[in-house]
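Just protein22.cif here, mmCIF, N, CA and C atoms:
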data_data
loop_
_atom_site.label_atom_id
_atom_site.label_comp_id
_atom_site.auth_asym_id
_atom_site.auth_seq_id
_atom_site.Cartn_x
_atom_site.Cartn_y
_atom_site.Cartn_z
N MET E 214 10.56 0.98 -10.47
CA MET E 214 10.62 0.19 -9.26
C MET E 214 11.29 1.00 -8.15
N LYS E 215 10.77 0.84 -6.97
CA LYS E 215 11.35 1.47 -5.79
C LYS E 215 12.26 0.44 -5.11
N THR E 216 13.48 0.83 -4.82
CA THR E 216 14.44 -0.08 -4.20
C THR E 216 14.81 0.40 -2.81
N THR E 217 14.78 -0.53 -1.87
CA THR E 217 15.14 -0.26 -0.49
C THR E 217 16.24 -1.23 -0.07
N VAL E 218 17.25 -0.69 0.59
CA VAL E 218 18.34 -1.49 1.14
C VAL E 218 18.31 -1.31 2.65
N VAL E 219 18.32 -2.41 3.39
CA VAL E 219 18.32 -2.36 4.85
C VAL E 219 19.50 -3.18 5.35
N ARG E 220 20.25 -2.58 6.27
CA ARG E 220 21.43 -3.25 6.84
C ARG E 220 21.36 -3.13 8.36
N TYR E 221 21.78 -4.20 9.05
CA TYR E 221 21.81 -4.20 10.51
C TYR E 221 22.72 -5.32 11.00
N LYS E 222 23.05 -5.27 12.29
CA LYS E 222 23.83 -6.33 12.94
C LYS E 222 23.03 -6.87 14.11
N THR E 223 22.96 -8.19 14.18
CA THR E 223 22.28 -8.83 15.30
C THR E 223 23.28 -9.13 16.41
N PHE E 224 22.76 -9.34 17.60
CA PHE E 224 23.58 -9.92 18.67
C PHE E 224 23.94 -11.33 18.20
N PRO E 225 25.15 -11.80 18.50
CA PRO E 225 25.55 -13.14 18.05
C PRO E 225 24.55 -14.24 18.45
N GLN E 226 23.99 -14.15 19.63
CA GLN E 226 23.06 -15.18 20.09
C GLN E 226 21.72 -15.15 19.35
N HIS E 227 21.46 -14.10 18.57
CA HIS E 227 20.19 -14.00 17.83
C HIS E 227 20.38 -14.16 16.32
N ALA E 228 21.61 -14.33 15.86
CA ALA E 228 21.87 -14.38 14.41
C ALA E 228 21.17 -15.57 13.73
N ASP E 229 21.25 -16.75 14.33
CA ASP E 229 20.62 -17.92 13.71
C ASP E 229 19.10 -17.82 13.73
N GLU E 230 18.56 -17.27 14.81
CA GLU E 230 17.11 -17.04 14.89
C GLU E 230 16.67 -16.08 13.78
N ASN E 231 17.44 -15.03 13.58
CA ASN E 231 17.15 -14.05 12.54
C ASN E 231 17.17 -14.72 11.17
N ALA E 232 18.19 -15.54 10.92
CA ALA E 232 18.30 -16.25 9.64
C ALA E 232 17.12 -17.20 9.43
N ALA E 233 16.67 -17.86 10.49
CA ALA E 233 15.54 -18.78 10.38
C ALA E 233 14.25 -18.02 10.04
N LEU E 234 14.07 -16.85 10.62
CA LEU E 234 12.90 -16.03 10.29
C LEU E 234 12.95 -15.56 8.84
N ILE E 235 14.13 -15.23 8.36
CA ILE E 235 14.29 -14.84 6.96
C ILE E 235 13.95 -16.03 6.06
N ASP E 236 14.38 -17.23 6.43
CA ASP E 236 14.05 -18.42 5.65
C ASP E 236 12.54 -18.58 5.52
N GLN E 237 11.81 -18.30 6.60
CA GLN E 237 10.35 -18.40 6.56
C GLN E 237 9.75 -17.41 5.57
N VAL E 238 10.33 -16.23 5.49
CA VAL E 238 9.86 -15.23 4.51
C VAL E 238 10.07 -15.76 3.10
N PHE E 239 11.24 -16.33 2.83
CA PHE E 239 11.51 -16.84 1.48
C PHE E 239 10.63 -18.04 1.14
N LEU E 240 10.33 -18.89 2.12
CA LEU E 240 9.41 -20.00 1.86
C LEU E 240 8.02 -19.48 1.48
N ALA E 241 7.58 -18.44 2.17
CA ALA E 241 6.28 -17.83 1.86
C ALA E 241 6.30 -17.21 0.46
N LEU E 242 7.39 -16.56 0.11
CA LEU E 242 7.50 -15.98 -1.23
C LEU E 242 7.48 -17.06 -2.30
N GLN E 243 8.14 -18.18 -2.05
CA GLN E 243 8.14 -19.28 -3.01
C GLN E 243 6.74 -19.85 -3.19
N ARG E 244 5.98 -19.92 -2.10
CA ARG E 244 4.60 -20.43 -2.19
C ARG E 244 3.71 -19.47 -2.95
N ARG E 245 3.83 -18.18 -2.66
CA ARG E 245 2.91 -17.19 -3.24
C ARG E 245 3.36 -16.65 -4.59
N GLN E 246 4.66 -16.60 -4.80
CA GLN E 246 5.27 -16.08 -6.03
C GLN E 246 4.65 -14.74 -6.48
N PRO E 247 4.76 -13.72 -5.62
CA PRO E 247 4.14 -12.44 -5.97
C PRO E 247 4.84 -11.76 -7.16
N GLU E 248 4.06 -11.10 -7.95
CA GLU E 248 4.56 -10.33 -9.09
C GLU E 248 5.10 -9.00 -8.58
N GLY E 249 6.03 -8.42 -9.33
CA GLY E 249 6.50 -7.06 -9.05
C GLY E 249 7.46 -6.92 -7.89
N LEU E 250 8.12 -8.02 -7.50
CA LEU E 250 9.05 -7.98 -6.37
C LEU E 250 10.34 -8.70 -6.73
N HIS E 251 11.46 -8.04 -6.44
CA HIS E 251 12.79 -8.65 -6.48
C HIS E 251 13.35 -8.47 -5.08
N TYR E 252 13.74 -9.58 -4.44
CA TYR E 252 14.16 -9.51 -3.04
C TYR E 252 15.36 -10.40 -2.81
N GLN E 253 16.35 -9.87 -2.11
CA GLN E 253 17.53 -10.62 -1.72
C GLN E 253 17.83 -10.33 -0.26
N SER E 254 18.36 -11.33 0.40
CA SER E 254 18.83 -11.17 1.77
C SER E 254 20.21 -11.81 1.83
N VAL E 255 21.16 -11.11 2.44
CA VAL E 255 22.54 -11.57 2.52
C VAL E 255 22.99 -11.56 3.98
N ARG E 256 23.60 -12.66 4.39
CA ARG E 256 24.22 -12.74 5.72
C ARG E 256 25.71 -12.55 5.53
N GLY E 257 26.28 -11.57 6.21
CA GLY E 257 27.69 -11.26 6.07
C GLY E 257 28.59 -12.37 6.59
N ALA E 258 29.85 -12.33 6.16
CA ALA E 258 30.84 -13.32 6.57
C ALA E 258 31.04 -13.35 8.08
N ASP E 259 30.74 -12.23 8.75
CA ASP E 259 30.88 -12.19 10.21
C ASP E 259 29.76 -12.94 10.92
N GLY E 260 28.72 -13.33 10.17
CA GLY E 260 27.61 -14.10 10.72
C GLY E 260 26.54 -13.30 11.40
N VAL E 261 26.78 -12.01 11.64
CA VAL E 261 25.80 -11.19 12.38
C VAL E 261 25.31 -9.98 11.59
N THR E 262 25.93 -9.69 10.46
CA THR E 262 25.50 -8.57 9.63
C THR E 262 24.56 -9.09 8.55
N PHE E 263 23.41 -8.43 8.42
CA PHE E 263 22.42 -8.82 7.43
C PHE E 263 22.10 -7.62 6.55
N THR E 264 21.95 -7.88 5.27
CA THR E 264 21.58 -6.85 4.30
C THR E 264 20.42 -7.39 3.47
N HIS E 265 19.40 -6.58 3.31
CA HIS E 265 18.22 -6.94 2.51
C HIS E 265 18.09 -5.91 1.40
N ILE E 266 17.80 -6.39 0.20
CA ILE E 266 17.59 -5.51 -0.95
C ILE E 266 16.25 -5.89 -1.57
N ALA E 267 15.33 -4.94 -1.58
CA ALA E 267 14.00 -5.19 -2.13
C ALA E 267 13.67 -4.13 -3.17
N SER E 268 13.28 -4.60 -4.35
CA SER E 268 12.79 -3.70 -5.40
C SER E 268 11.35 -4.09 -5.67
N VAL E 269 10.47 -3.08 -5.60
CA VAL E 269 9.04 -3.31 -5.71
C VAL E 269 8.44 -2.40 -6.77
N ASP E 270 7.56 -2.96 -7.56
CA ASP E 270 6.82 -2.19 -8.55
C ASP E 270 5.91 -1.20 -7.80
N GLU E 271 6.13 0.08 -8.02
CA GLU E 271 5.39 1.11 -7.27
C GLU E 271 3.90 1.16 -7.62
N ALA E 272 3.50 0.53 -8.73
CA ALA E 272 2.10 0.56 -9.14
C ALA E 272 1.24 -0.46 -8.38
N LEU E 273 1.88 -1.33 -7.61
CA LEU E 273 1.13 -2.36 -6.88
C LEU E 273 0.29 -1.73 -5.77
N ALA E 274 -0.92 -2.24 -5.61
CA ALA E 274 -1.81 -1.73 -4.57
C ALA E 274 -1.35 -2.18 -3.19
N GLU E 275 -0.78 -3.38 -3.11
CA GLU E 275 -0.32 -3.92 -1.83
C GLU E 275 1.14 -4.32 -1.97
N HIS E 276 1.95 -4.01 -0.97
CA HIS E 276 3.36 -4.37 -1.00
C HIS E 276 3.47 -5.89 -0.84
N PRO E 277 4.05 -6.58 -1.83
CA PRO E 277 4.06 -8.04 -1.80
C PRO E 277 4.96 -8.65 -0.72
N LEU E 278 5.87 -7.87 -0.17
CA LEU E 278 6.75 -8.40 0.87
C LEU E 278 6.23 -8.04 2.26
N THR E 279 6.01 -6.77 2.51
CA THR E 279 5.65 -6.33 3.86
C THR E 279 4.24 -6.77 4.27
N SER E 280 3.44 -7.18 3.31
CA SER E 280 2.09 -7.65 3.64
C SER E 280 2.07 -9.12 4.06
N LEU E 281 3.17 -9.85 3.88
CA LEU E 281 3.23 -11.26 4.26
C LEU E 281 3.22 -11.42 5.79
N PRO E 282 2.43 -12.34 6.32
CA PRO E 282 2.46 -12.61 7.76
C PRO E 282 3.86 -13.03 8.24
N GLU E 283 4.58 -13.77 7.40
CA GLU E 283 5.92 -14.21 7.76
C GLU E 283 6.89 -13.04 7.85
N PHE E 284 6.71 -12.04 6.99
CA PHE E 284 7.55 -10.84 7.07
C PHE E 284 7.22 -10.04 8.32
N LYS E 285 5.93 -9.96 8.63
CA LYS E 285 5.52 -9.25 9.84
C LYS E 285 6.09 -9.93 11.09
N ALA E 286 6.13 -11.27 11.09
CA ALA E 286 6.73 -12.00 12.21
C ALA E 286 8.23 -11.73 12.28
N PHE E 287 8.89 -11.64 11.14
CA PHE E 287 10.32 -11.36 11.09
C PHE E 287 10.63 -9.98 11.68
N VAL E 288 9.89 -8.96 11.28
CA VAL E 288 10.21 -7.60 11.74
C VAL E 288 9.68 -7.30 13.16
N ALA E 289 8.77 -8.14 13.66
CA ALA E 289 8.16 -7.88 14.97
C ALA E 289 9.19 -7.68 16.08
N GLY E 290 10.21 -8.49 16.12
CA GLY E 290 11.19 -8.39 17.19
C GLY E 290 12.57 -8.01 16.73
N ILE E 291 12.66 -7.41 15.56
CA ILE E 291 13.98 -7.13 14.96
C ILE E 291 14.85 -6.27 15.86
N ARG E 292 14.31 -5.25 16.47
CA ARG E 292 15.13 -4.36 17.30
C ARG E 292 15.68 -5.07 18.53
N ASP E 293 14.95 -6.04 19.05
CA ASP E 293 15.42 -6.81 20.20
C ASP E 293 16.57 -7.74 19.82
N ARG E 294 16.63 -8.14 18.55
CA ARG E 294 17.69 -9.04 18.09
C ARG E 294 18.95 -8.29 17.66
N CYS E 295 18.87 -6.95 17.56
CA CYS E 295 19.95 -6.19 16.93
C CYS E 295 20.84 -5.45 17.92
N ILE E 296 22.13 -5.50 17.63
CA ILE E 296 23.11 -4.68 18.33
C ILE E 296 23.26 -3.35 17.60
N GLU E 297 23.07 -3.37 16.27
CA GLU E 297 23.00 -2.17 15.44
C GLU E 297 21.66 -2.21 14.74
N PRO E 298 20.76 -1.26 15.02
CA PRO E 298 19.41 -1.32 14.47
C PRO E 298 19.40 -1.18 12.94
N PRO E 299 18.31 -1.61 12.32
CA PRO E 299 18.21 -1.51 10.87
C PRO E 299 18.34 -0.07 10.39
N GLU E 300 19.14 0.08 9.35
CA GLU E 300 19.30 1.36 8.66
C GLU E 300 18.72 1.17 7.26
N GLN E 301 17.79 2.03 6.90
CA GLN E 301 17.10 1.89 5.62
C GLN E 301 17.55 2.99 4.66
N LEU E 302 17.89 2.57 3.45
CA LEU E 302 18.30 3.50 2.40
C LEU E 302 17.40 3.30 1.19
N GLN E 303 17.02 4.38 0.56
CA GLN E 303 16.24 4.31 -0.68
C GLN E 303 17.20 4.53 -1.83
N GLY E 304 16.93 3.90 -2.95
CA GLY E 304 17.82 4.08 -4.09
C GLY E 304 17.15 3.68 -5.38
N MET E 305 17.93 3.70 -6.44
CA MET E 305 17.46 3.32 -7.76
C MET E 305 18.47 2.33 -8.32
N VAL E 306 17.98 1.20 -8.81
CA VAL E 306 18.84 0.19 -9.39
C VAL E 306 19.40 0.72 -10.70
N LEU E 307 20.71 0.64 -10.82
CA LEU E 307 21.38 1.08 -12.06
C LEU E 307 21.59 -0.09 -13.00
N GLY E 308 21.69 -1.27 -12.46
CA GLY E 308 21.87 -2.45 -13.27
C GLY E 308 21.60 -3.68 -12.43
N SER E 309 21.23 -4.77 -13.09
CA SER E 309 20.94 -6.02 -12.41
C SER E 309 21.19 -7.16 -13.36
N TYR E 310 21.80 -8.22 -12.87
CA TYR E 310 22.02 -9.37 -13.71
C TYR E 310 21.64 -10.63 -12.94
N PRO E 311 20.87 -11.54 -13.49
CA PRO E 311 20.19 -11.36 -14.77
C PRO E 311 19.05 -10.37 -14.63
N GLY E 312 18.67 -9.77 -15.74
CA GLY E 312 17.66 -8.73 -15.81
C GLY E 312 16.42 -9.08 -15.14
#

Starting from the coordinates I provided, produce the structure as structure tokens.
Amino acid sequence: MKTTVVRYKTFPQHADENAALIDQVFLALQRRQPEGLHYQSVRGADGVTFTHIASVDEALAEHPLTSLPEFKAFVAGIRDRCIEPPEQLQGMVLGSYPG
């Protein structure tokens, strides 16, 4: 699995809008229930820092998260909502609970 971690800070006035767009992504995931994806989104205690962790099966022909229309709507204006733009890191999961 390929794991990507993305972290950014929104302007305070855009934090709730950002969270609402993330909710739409999770509703779409619940409806579609794609295989080969583990995805988490965390809103920091400061209310404006967001962290996303996505692990995707590399054998999939289509990325189950980024291909969603709701995800495309979320990322469409992300830079306009951010005071600190998204920083993307690649990594490998060493452990996960529950498995």

- [ ] Could you find all residues in chain E that DSSP calls strand (DSSP E or B) from the backbone, and write them as number ranges by chain?
- [x] E: 215-223, 250-256, 262-269, 295-304

Kindly provide the residues of stretch 267-306 of chain E that approach stretch 246-249 of chain E to within 6 Å, each paired with its closest atom pair and their distance in Å to one decimal, based on all atoms listed in the file, listed by chain and increasing number, as CSV.
residue,atom,partner,partner_atom,distance
E:Ser268,C,E:Gly249,C,5.3
E:Val269,CA,E:Gly249,C,4.5
E:Asp270,N,E:Gly249,C,4.0

Expansion of the PyMOL selection byres ((chain E and resi 234-244) around 8) into residues, as a short mmCIF file (atom, residue, chain, number, x, y, z; two decimals) with N, CA and C atoms, in the coordinates of the input:
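Written file, part21.cif:
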data_model
loop_
_atom_site.label_atom_id
_atom_site.label_comp_id
_atom_site.auth_asym_id
_atom_site.auth_seq_id
_atom_site.Cartn_x
_atom_site.Cartn_y
_atom_site.Cartn_z
N ALA E 228 21.61 -14.33 15.86
CA ALA E 228 21.87 -14.38 14.41
C ALA E 228 21.17 -15.57 13.73
N ASP E 229 21.25 -16.75 14.33
CA ASP E 229 20.62 -17.92 13.71
C ASP E 229 19.10 -17.82 13.73
N GLU E 230 18.56 -17.27 14.81
CA GLU E 230 17.11 -17.04 14.89
C GLU E 230 16.67 -16.08 13.78
N ASN E 231 17.44 -15.03 13.58
CA ASN E 231 17.15 -14.05 12.54
C ASN E 231 17.17 -14.72 11.17
N ALA E 232 18.19 -15.54 10.92
CA ALA E 232 18.30 -16.25 9.64
C ALA E 232 17.12 -17.20 9.43
N ALA E 233 16.67 -17.86 10.49
CA ALA E 233 15.54 -18.78 10.38
C ALA E 233 14.25 -18.02 10.04
N ARG E 245 3.83 -18.18 -2.66
CA ARG E 245 2.91 -17.19 -3.24
C ARG E 245 3.36 -16.65 -4.59
N GLN E 246 4.66 -16.60 -4.80
CA GLN E 246 5.27 -16.08 -6.03
C GLN E 246 4.65 -14.74 -6.48
N PRO E 247 4.76 -13.72 -5.62
CA PRO E 247 4.14 -12.44 -5.97
C PRO E 247 4.84 -11.76 -7.16
N SER E 254 18.36 -11.33 0.40
CA SER E 254 18.83 -11.17 1.77
C SER E 254 20.21 -11.81 1.83
N PRO E 277 4.05 -6.58 -1.83
CA PRO E 277 4.06 -8.04 -1.80
C PRO E 277 4.96 -8.65 -0.72
N LEU E 278 5.87 -7.87 -0.17
CA LEU E 278 6.75 -8.40 0.87
C LEU E 278 6.23 -8.04 2.26
N LEU E 281 3.17 -9.85 3.88
CA LEU E 281 3.23 -11.26 4.26
C LEU E 281 3.22 -11.42 5.79
N PRO E 282 2.43 -12.34 6.32
CA PRO E 282 2.46 -12.61 7.76
C PRO E 282 3.86 -13.03 8.24
N GLU E 283 4.58 -13.77 7.40
CA GLU E 283 5.92 -14.21 7.76
C GLU E 283 6.89 -13.04 7.85
N PHE E 284 6.71 -12.04 6.99
CA PHE E 284 7.55 -10.84 7.07
C PHE E 284 7.22 -10.04 8.32
N LYS E 285 5.93 -9.96 8.63
CA LYS E 285 5.52 -9.25 9.84
C LYS E 285 6.09 -9.93 11.09
N ALA E 286 6.13 -11.27 11.09
CA ALA E 286 6.73 -12.00 12.21
C ALA E 286 8.23 -11.73 12.28
N PHE E 287 8.89 -11.64 11.14
CA PHE E 287 10.32 -11.36 11.09
C PHE E 287 10.63 -9.98 11.68
N VAL E 288 9.89 -8.96 11.28
CA VAL E 288 10.21 -7.60 11.74
C VAL E 288 9.68 -7.30 13.16
#

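Between E:Thr216 and the residues E:Pro311, E:Pro299, E:Gly257, E:Gly304, the shortest atom-to-atom distance, using only N, CA and C atoms, involves E:Gly304.
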
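Atom C of E:Val306 is found 28.3 Å from atom N of E:Ile291.
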
- [ ] Could you jot down the atom CA of E:Ile296 to atom C of E:Ser280 separation for me, Å, one decimal place?
- [x] 25.8 Å

- [ ] Just give me the gap between atom CA of E:Arg220 and atom CA of E:Met305 in Å, one decimal is fine.
- [x] 16.5 Å

Open item on the list: What's around E:Tyr221 at 6 Å? Count all atoms listed in the file, leave out sequence neighbours fewer than 5 positions away in its own chain, and write the answer as a list of chain:residue names.
Closed with: E:Val261, E:Thr262, E:Phe263, E:Thr264, E:Glu297, E:Pro298, E:Pro299, E:Glu300

TODO: Would you write out, as a ChimeraX atom specification, every residue that the PyMOL selection byres (((chain E and resi 294 and name CA) around 7) and name CA) captures in this file?
DONE: /E:223-224,227,290-293,295-296

TODO: Could you tell me, as a PyMOL selection string, which residues of chain E DSSP assigns to alpha helix (DSSP H) when given the backbone?
DONE: chain E and resi 228-245+282-289+291-294

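For the structure in this document, the set picked by the PyMOL selection byres ((chain E and resi 217) around 6) is Lys215, Thr216, Val218, Val219, His265, Ile266, Ala267, Ser268, Leu302, Gln303 and Gly304 of chain E.
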
Take the residues just selected and output them with N, CA and C atoms as a compact mmCIF listing (two decimals), in the frame of the given file.
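Final output, part-v5.txt:
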# COMPACT_ATOMS: atom_id res chain seq x y z
N LYS E 215 10.77 0.84 -6.97
CA LYS E 215 11.35 1.47 -5.79
C LYS E 215 12.26 0.44 -5.11
N THR E 216 13.48 0.83 -4.82
CA THR E 216 14.44 -0.08 -4.20
C THR E 216 14.81 0.40 -2.81
N VAL E 218 17.25 -0.69 0.59
CA VAL E 218 18.34 -1.49 1.14
C VAL E 218 18.31 -1.31 2.65
N VAL E 219 18.32 -2.41 3.39
CA VAL E 219 18.32 -2.36 4.85
C VAL E 219 19.50 -3.18 5.35
N HIS E 265 19.40 -6.58 3.31
CA HIS E 265 18.22 -6.94 2.51
C HIS E 265 18.09 -5.91 1.40
N ILE E 266 17.80 -6.39 0.20
CA ILE E 266 17.59 -5.51 -0.95
C ILE E 266 16.25 -5.89 -1.57
N ALA E 267 15.33 -4.94 -1.58
CA ALA E 267 14.00 -5.19 -2.13
C ALA E 267 13.67 -4.13 -3.17
N SER E 268 13.28 -4.60 -4.35
CA SER E 268 12.79 -3.70 -5.40
C SER E 268 11.35 -4.09 -5.67
N LEU E 302 17.89 2.57 3.45
CA LEU E 302 18.30 3.50 2.40
C LEU E 302 17.40 3.30 1.19
N GLN E 303 17.02 4.38 0.56
CA GLN E 303 16.24 4.31 -0.68
C GLN E 303 17.20 4.53 -1.83
N GLY E 304 16.93 3.90 -2.95
CA GLY E 304 17.82 4.08 -4.09
C GLY E 304 17.15 3.68 -5.38

Would you give the centre and edge lengths, in Å to one decimal, of a box along x, y and z around the listed atoms of stretch 229-236 of chain E, with 5 Å added to each side, as AutoDock Vina command-line options?
--center_x 16.9 --center_y -16.4 --center_z 10.2 --size_x 18.7 --size_y 14.7 --size_z 19.4
